[in-house]
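Report on the following structure.
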Amino acid sequence: MTLIAQISDLHVYSPGKLAYGVVDTNSLVAEAIKQLSKLTPQPDAVVASGDLVHKGTPEDYEVLKTILAPLNCPLYLMPGNHDQRDNLRRAFPSHPYLPGDINHLSYVVEAYPICMIMLDSIVPGEGGGCVDAERLSWLEQQLLAAPQTPTLIFIHHPPFATGIPWMDRNRFQGHGALANLIRQHPQVKRVSCGHLHRGIYRAWAGTVASSQPSLVHQG
């Protein structure tokens with residue numbers, strides 16, 4: 001069995017800044033990491049599914065590195081709409097899984113009995129999510145490469161209808177094509193997301209889809 005901990009929507013700030021002027025996200029994330037590091041058994045991997053920092057500045061990512069440092073297990077980072085891809089890459093040079101040869105930070109982790117696919121859904125400068133033709137083609141290639149391996153897909157933006165009016169008015173671009181692709185690959189056992197700052201579980205595209213709460217405040 002592979003034990004995976006997903007953390008999402010950390011919204012780490014540069015020192016001295018508070019979210020909305022009231023939420024000390026840095027201390028809340030630090031406390032969550034402290035508790036995660038005490039778990040027995042330890043997770044085999046931690047997936048941080050986007051909105052790692054709030055402004056996307058190099059300074060934000062330096063603070064993030066310090067807060068995440070106590071983790072003793074492998075850590076896999078992916079961007080959300082508050083992140084900046086290039087700054088994220090530069091801040092974590094010791095994380096070679098972050099690709100530098102494609103236009104998105106999507107990658108595959110094959111170090112476990114399950115396959116984990118991190119699918120970058122961000123559109124720079126926008127809050128909503130998207131899987132365009134390039135990313136859909138990339139995902140199809142990964143799924144075709146391991147049809148018998150149980151697979152988890154992590155995406156920052158939920159591609160499914162949530163029942164939240166503001167979210168569903170700005171639907172994930174390409175959600176229909178993504179659902180059609182996933183339906184063709186029964187090895188996909190879960191699609192797990194962030195972004196909403198709340199937990200939702202539902203049947204979607206022939207599998208189970210979910211969003212996870214934020215570490216710092218709820219939506």
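Going through the structure tokens in order, the chains are called A, B, and so on, while each chain numbers its residues from 1 and the ligands are numbered from 1 in the order shown.
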
Original post:
Quick one: residues within 10 Å of region 135-148 of chain A, only C-alpha atoms counted, chain neighbours fewer than 6 positions away excluded, as a ChimeraX atom specification?
Top reply: /A:102-108,110,114-115,117-121,174,177-178,181-182,184-188

Keeping C-alpha atoms for every residue in the selection just given, could you write it to a file as a PDB file, in the first residue's frame?
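Output below, filename selection-v4.pdb:
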```pdb
ATOM      1  CA  ILE A 102       7.597  21.871 -21.961  1.00  0.00           C
ATOM      2  CA  ASN A 103       5.264  24.842 -21.592  1.00  0.00           C
ATOM      3  CA  HIS A 104       3.534  23.503 -18.487  1.00  0.00           C
ATOM      4  CA  LEU A 105       4.664  21.956 -15.202  1.00  0.00           C
ATOM      5  CA  SER A 106       3.045  18.559 -15.751  1.00  0.00           C
ATOM      6  CA  TYR A 107       4.979  15.425 -14.859  1.00  0.00           C
ATOM      7  CA  VAL A 108       4.650  11.762 -13.882  1.00  0.00           C
ATOM      8  CA  GLU A 110       6.583   6.337 -11.262  1.00  0.00           C
ATOM      9  CA  ILE A 114       0.809   3.414  -8.361  1.00  0.00           C
ATOM     10  CA  CYS A 115       1.366   6.051 -11.026  1.00  0.00           C
ATOM     11  CA  ILE A 117       0.242  12.204 -12.774  1.00  0.00           C
ATOM     12  CA  MET A 118       0.540  15.885 -11.892  1.00  0.00           C
ATOM     13  CA  LEU A 119      -1.422  17.836 -14.508  1.00  0.00           C
ATOM     14  CA  ASP A 120      -0.747  21.585 -14.659  1.00  0.00           C
ATOM     15  CA  SER A 121      -4.098  23.363 -15.148  1.00  0.00           C
ATOM     16  CA  GLY A 174     -11.607  21.682 -21.632  1.00  0.00           C
ATOM     17  CA  ALA A 177     -12.494  16.613 -23.454  1.00  0.00           C
ATOM     18  CA  LEU A 178     -10.667  15.746 -20.242  1.00  0.00           C
ATOM     19  CA  LEU A 181     -10.188  10.937 -22.133  1.00  0.00           C
ATOM     20  CA  ILE A 182     -10.315   9.734 -18.534  1.00  0.00           C
ATOM     21  CA  GLN A 184     -11.264   5.658 -21.769  1.00  0.00           C
ATOM     22  CA  HIS A 185      -8.683   4.751 -19.115  1.00  0.00           C
ATOM     23  CA  PRO A 186     -10.106   2.696 -16.251  1.00  0.00           C
ATOM     24  CA  GLN A 187      -6.711   2.611 -14.532  1.00  0.00           C
ATOM     25  CA  VAL A 188      -7.480   6.153 -13.303  1.00  0.00           C
TER      26      VAL A 188
END
```

Subject >> Non-local contacts of Ser94 (chain A) (12 Å; only C-alpha atoms; under 2 positions in same chain excluded) as number ranges by chain >> reply: A: 65, 74-77, 88-92, 96-98

Subject >> Pick from A:Pro113, A:Pro99, A:Pro124, A:Gly50 nearest to His197 (chain A), counting only C-alpha atoms >> reply: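 Checking each candidate against His197 (chain A), we get A:Gly50 as the closest.
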
Subject >> Of the listed residues A:Ala69, A:Val208, A:Leu10, A:Ala32, that which approaches Leu152 (chain A) most closely, counting only C-alpha atoms >> reply: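 The closest residue to Leu152 (chain A) is A:Val208.
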
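Considering the residues A:Gln212, A:Gln6, A:Thr66, A:Thr207 and counting only C-alpha atoms, Leu36 (chain A) has its shortest atom-to-atom contact with A:Gln6.
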